[in-house]
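A.B. asks: This is the structure, below, for whatever I ask next.
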Amino acid sequence: MDKILEAVVMSSYPNNVKQGLVRRVIEAAKQPMDSEQCWSMLELSTKLYLTGDTKYKREIGKEVLEVYGHYHPEEFEEFFNVRFLLSLLQEGYGPLGKRSHYVLDYIQLGLQFILESPSANSIFSLLRIEVLRKVCERPSPKQCAKISKLLTQHPQCIPTGKHQVLFCQQLIRCIGQFQCVSEGEEDIMEFLEQVNKVSGLLQRIWRTQTSAILPSLKELFTIISSTEEQEAPSNALASVVQFVPLELMDGVIRNLTNDDSITDVQMMTAIGRMIDWVSWPLGKNIDKWIIALLKGLAAVKKFSILIEVTLSKIEKVFSKLLYPIVREGALSVLQYMLLSFQHSHEAFHLLLPHIPRLVASLKKEDSNSATSSLEQLAELIHCMFFRFSGFPDLYEPVLEAVKALPIPNEDRIKHLLGQNAWTSQKNELACFYPRLASKSETGKIGLINLGNTCYMNSIIQSLFMASDFRRSVLNLTEGNSQPLMTKLQWLFAFLEHSQRPAISPESFLSASWPPWFTPGAQQDCSEYLKYLLDRLHEEEKTGKRIYQKLKESSLMSQAVEHHYLNKTLIEKMFGGKMMTKIRCLKCLNVSSREEAFTDLSLAFPPPDRHVRGSTSVLPVEEIGPQFIEPPENSSQLTGSPWIQRKAPMAGDLPASPMPVETLGFQEPGEAAHPLSGDAVGVDAAKDPLSAFGEQACAPKDSRSVPDLINYFLSPERLTAENKYHCEKCASLQDAEKVAELTEGPHYLILTLLRFSFDPRTMKRKKILDNVSIPVVLKLPVLVAPEETEEVCRHGKDRTTSGSGFMSVLYDLCSVVVHSGISSESGHYYCYSRECTDTVPQGQPRDRAPKPASDKQLDFEIQWYLFNDTRVSFSSFESVSNVTSFFPKDTAYVLFYRQRPGRQSCLLHEALAEAGRLHSEPSLHKDLMEAISKDNILYLQEQEKEARNRAAYISALPKSPLWWRDFDRDKDDDSSSGGCSPAAGGGGSGSFHGLVF
């Protein structure tokens with residue numbers, strides 16, 4: 001019968017004819033027959049099954065074997081013996097070099113017919129040893145899957161005792177070497193199925209023998225932490241972890257992170273490879289294990305590992321959000337990475353270039369998964385905006401991409417940031433930050449945040465960028481009597497000459513820190529600035545005068561010496577004067593008081609108060625390039641507002657405020673309005689003011705800096721409980737108070753009073769109104785004609801009788817921005833540029849210097865953005881638009897520099913003269929030596945850091961290039977990819993439609 005069957009199978013008859021003949025042979029095999037015939041048929045069917053060159057032949061072999069195993073069990077048991085199986089397993093079957101791949105399938109097929117036979121136990125014993133030997137030989141994924149299938153169907157063959165633990169460990173080693181050898185989608189799906197079978201076997205073993213779990217996990221960690229192997233282990237190892245019971249997680253992680261035998265490099269390598277597992281498409285709970293290990297490392301303060309791994313892997317994790325099959329796990333890991341990495345903006349900033357493209361891709365996908373991920377991603381992004389505010393130039397494209405997505409409230413943001421931080425002790429991370437190698441391309445130096453000290457950093461950078469003030473501080477030679485000014489000089493010198501990308505202002509902080517400030521808490525930068533300037537001023541007043549050297553070297557004329565010598569540096573640079581006048585509305589008596597100031601605190605007008613027209617005493621102008629020349633003659637001085645006010649008639653209602661009008665500023669070439677003591681009617685000044693309104697008005701609902709100054713200078717009625725005690729009337733009377741600037745400071749500091757006390761909530765709230773900031777400001781300053789003649793004799797024009805206002809021009813040089821909604825929280829950063837006088841060659845020395853080019857002065861001077869350690873190039877456009885893009889980021893403190901004009905000509909000439917003699921401030925010997933030593937120390941630190949970093953990076957696991965996920969269309973079926981080697985564990989691609 002075996003000859004007939006062999007002849008039929010080998011014949012060239014059509015398959016349907018063969019099938020009929022084979023069916024007859026099989027039916028005949030069910031009848032009783034002798035042992036020899038049975039053996040012949042079993043040998044033939046074994047040959048067909050194991051070496052058949054077609055699927056048809058193997059199917060016939062299988063069918064015949066099943067018939068004989070069922071109908072001739074004794075002969076089958078005799079044929080399917082231990083010696084035969086040992087030969088199959090150790091020597092194989094078939095010609096040398098073409099051994100059959102179906103031995104394990106054959107054994108699995110035969111085992112079902114000998115389960116009740118006396119030889120079953122001996123066969124099981126043999127298989128328990130042989131499958132262990134097989135896995136030690138590192139079989140292919142396909143063969144491993146066959147072993148797993150065999151053992152899953154016949155668990156009697158699974159090794160026991162110590163061999164079982166060894167078997168699990170060796171099986172994990174096999175998985176670590178798995179590779180998908182083809183890029184075809186069918187082959188990839190087959191590979192995934194094979195991995196699932198192998199890991200499923202481990203799960204089965206662990207369920208019945210929990211003692212094998214921990215040794216298996218130890219072997220797994222040994223594999224992924226190895227730094228010796230050329231290729232990274234396969235990402236298929238992720239399939240092993242998904243079956244580890246979660247209740248074991250805490251213990252496993254605790255043992256790993258507290259094991260002193262594991263080096264930092266090994267731990268970093270292991271966690272890096274685990275993070276690569278987010279690309280494994282069928283893994284469950286992988287993200288939980290990755291996050292648990294990250295948390296465990298944070299608990300034992302392994303911050304250097306966390307920083308290196310996060311920065312090297314976060315972009316790859318982010319790229320996996322493109323793929324729905326792994327999106328959920330990748331997003332969980334990404335959330336933890338970002339929300340825990342709170343000591344630096346570096347990790348978040350790595351993702352900024354990729355966010356808009358990912359958001360666009362998810363919107364295009366239009367699925368429930370994509371929508372949910374978009375909302376979670378937007379929440380995460382807003383958390384990062386909140387934590388690392390002050391980068392509007394970087395954040396604008398990202399904000400534009402997510403503007404249509406929901407914005408979390410501040411409580412939710414604080415909750416997320418609060419529960420994920422690595423540590424609440426900020427100083428524990430100080431040694432790891434900043435991770436900077438060199439100065440930014442701007443050449444400017446940043447300041448390290450010492451724990452919510454951005455309020456100080458932004459003020460210091462603004463003062464440093466005030467070039468006249470900086471040069472004066474650096475030129476200081478005798479600092480013994482001014483310890484705080486000396487420390488400021490050292491800080492400025494390091495900001496000017498250090499090679500470091502950022503320096504620590506710790507020494508200056510301790511010296512300038514207001515005693516009522518709470519350590520480590522956010523403070524008001526305006527309050528700090530006032531305190532600092534006051535300290536510097538008082539310190540100099542009690543010591544020697546800074547400009548004593550200028551007097552001795554005769555750099556200043558007698559008139560200048562008389563006018564300026566008694567002033568401190570703070571007064572010279574930031575000091576102005578203001579006249580406050582109060583007029584009794586009954587007797588019209590006026591009392592006045594002049595006081596000095598270093599900044600103007602500008603309140604916001606009530607919502608219904610429009611200050612541009614009838615209510616302003618003298619309009620402050622925001623002017624463009626066409627209006628930046630100083631007035632050419634003093635006949636353009638305008639009169640004091642009360643000189644032009646009509647006296648109230650006896651029948652006027654005292655409660656009705658009289659409209660205050662003044663003559664508007666005129667541009668060069670216009671006829672001057674005569675000033676006299678005659679009363680001017682209300683309508684007399686209407687046209688000039690209307691012209692100003694058309695010229696400088698911003699949108700109706702917005703505010704501008706000129707609006708706030710006009711409101712500050714506008715008359716205030718003192719009535720009801722706020723009545724004024726008139727000495728002449730000897731009683732409380734209704735009165736009107738007005739402020740007039742009598743001396744404009746060289747640097748005008750404006751503080752926008754954004755923080756007000758809300759009696760309902762008993763908290764300070766912030767006014768988030770957008771305020772437009774002019775790059776050039778025209779400010780009215782009251783000037784007495786005799787002062788003008790004495791101080792500025794150069795003018796050839798006649799002066800007017802009586803006091804009048806002169807317009808003084810100011811250039812914007814710094815803007816300190818507060819990001820947040822509370823004065824006790826948030827973040828400060830600043831925009832700055834260096835404004836200096838541009839004096840063309842050949843310009844007469846007896847004239848006030850004029851700008852060589854308006855365009856150069858206003859629009860070509862480079863802006864910088866200072867945000868603690870980060871310094872970047874910026875622009876006035878960014879300054880103007882910051883609140884439009886980021887509603888919580890609002891201008892708070894403004895620095896303006898006075899342009900050379902009549903009132904300021906003496907100081908400008910003195911500064912220009914000093915600047916020509918000291919174009920580069922010469923630092924004293926001790927300071928230069930300190931800077932030089934620190935620069936050498938920094939180079940040594942850099943060399944050491946480079947060596948340490950090279951050691952870390954060399955140990956980082958090699959993984960697919962993350963950017964390929966962004967550089968190709970995932971819908972392109974022809975895109976190249978693959979999961980080679982080891983399912984992408986060490987390859988350079990990622991396969992289509994899935995991940996790796």
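Residue numbers start at 1 in each chain; chains themselves are named A, B, ... in the order of the structure tokens; ligands are numbered from 1 in the order shown.
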Select from stretch 315-391 of chain A every residue with an atom at most 12 Å from any atom of stretch 870-890 of chain A, then for each give the shortest pair of atoms and their distance in Å to one decimal, using only C-alpha atoms, rows by chain and rising number, as a Markdown table.
C.D. replies:
```
| residue | atom | partner | partner_atom | distance |
| --- | --- | --- | --- | --- |
| A:Ser344 | CA | A:Arg870 | CA | 10.7 |
| A:His345 | CA | A:Arg870 | CA | 9.8 |
| A:Glu346 | CA | A:Arg870 | CA | 10.4 |
| A:His349 | CA | A:Arg870 | CA | 11.8 |
| A:His382 | CA | A:Phe886 | CA | 10.8 |
| A:Phe385 | CA | A:Phe886 | CA | 9.3 |
| A:Phe386 | CA | A:Lys888 | CA | 9.4 |
| A:Phe388 | CA | A:Arg870 | CA | 11.4 |
| A:Ser389 | CA | A:Asp889 | CA | 8.1 |
| A:Gly390 | CA | A:Asp889 | CA | 7.9 |
| A:Phe391 | CA | A:Arg870 | CA | 9.2 |
```
A.B. asks: As a VMD selection string, please: the residues near stretch 189-197 of chain A (cut-off 12 Å, only C-alpha atoms, same-chain neighbours under 5 positions excluded).
C.D. replies: chain A and resid 140 to 153 171 to 172 174 to 184 202 to 204 234 to 243 280 to 284 978 to 980 982 to 983 991 to 996
A.B. asks: Grab the atom CA of A:Trp863 to atom CA of A:Pro392 distance for me, in Å with one decimal place.
C.D. replies: 13.5 Å
A.B. asks: Using only C-alpha atoms, which protein or nucleic acid residues come within 9 Å of A:Thr580? Drop anything in the same chain fewer than 5 positions from it, and give the result as a ChimeraX atom specification.
C.D. replies: /A:591-595,737-741
A.B. asks: Between atom CA of A:Cys383 and atom CA of A:Met267, what is the distance in Å, rounded to a tenth?
C.D. replies: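 Rounded to one decimal, the two atoms are 29.0 Å apart.
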A.B. asks: Please identify all polymer residues within 12 Å of A:Tyr896, counting only C-alpha atoms, omitting same-chain residues fewer than 6 positions from it, and present them as a VMD selection string.
C.D. replies: chain A and resid 462 to 463 465 to 467 573 to 574 599 to 600 705 744 to 751 773 to 779 808 to 816 832 to 836
A.B. asks: Would you compute the distance between atom CA of A:Thr263 and atom CA of A:Ser319? Give it in Å to one decimal.
C.D. replies: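 For atom CA of A:Thr263 relative to atom CA of A:Ser319, the distance reads 29.5 Å.
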A.B. asks: Compile the contact shell of stretch 723-732 of chain A as a ChimeraX atom specification: residues with an atom at most 8 Å away, counting only C-alpha atoms, same-chain residues fewer than 6 positions apart removed.
C.D. replies: /A:584,587,589
A.B. asks: For A:Glu365, which residue among A:Leu220, A:Ile767, A:Ser100, A:Pro324 is the nearest when counting only C-alpha atoms?
C.D. replies: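 Of the candidates, the smallest distance to A:Glu365 is held by A:Pro324.
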A.B. asks: Could you tell me which of A:Leu416, A:Val893, A:Met578, A:Ile275 comes closest to A:Lys316 if we count only C-alpha atoms?
C.D. replies: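 Of A:Leu416, A:Val893, A:Met578, A:Ile275, the one nearest A:Lys316, counting only C-alpha atoms, is A:Ile275.
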A.B. asks: Might you pull out every residue within 9 Å of A:Ile503, with only C-alpha atoms counted and same-chain residues fewer than 2 positions away left off, and present them as a CSV table (one decimal) with C-alpha atoms, in the first residue's frame?
C.D. replies:
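As written to disk, out.csv reads:
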```
chain,number,residue,atom,x,y,z
A,445,ILE,CA,25.6,86.3,28.7
A,446,GLY,CA,22.6,85.0,30.7
A,447,LEU,CA,22.0,84.9,34.4
A,448,ILE,CA,21.3,81.7,36.3
A,491,LEU,CA,28.6,91.6,38.0
A,494,PHE,CA,31.5,89.5,34.2
A,495,LEU,CA,28.5,90.0,32.0
A,498,SER,CA,33.1,86.3,30.8
A,500,ARG,CA,30.6,81.5,30.3
A,501,PRO,CA,27.1,81.3,28.6
A,505,PRO,CA,24.4,86.5,40.4
A,869,THR,CA,20.3,81.7,31.1
```
A.B. asks: Calculated over only C-alpha atoms, which of the candidates A:Arg83, A:Lys414, A:Lys320, A:Arg387 has the smallest distance to A:Leu358?
C.D. replies: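 Nearest to A:Leu358: A:Lys320.
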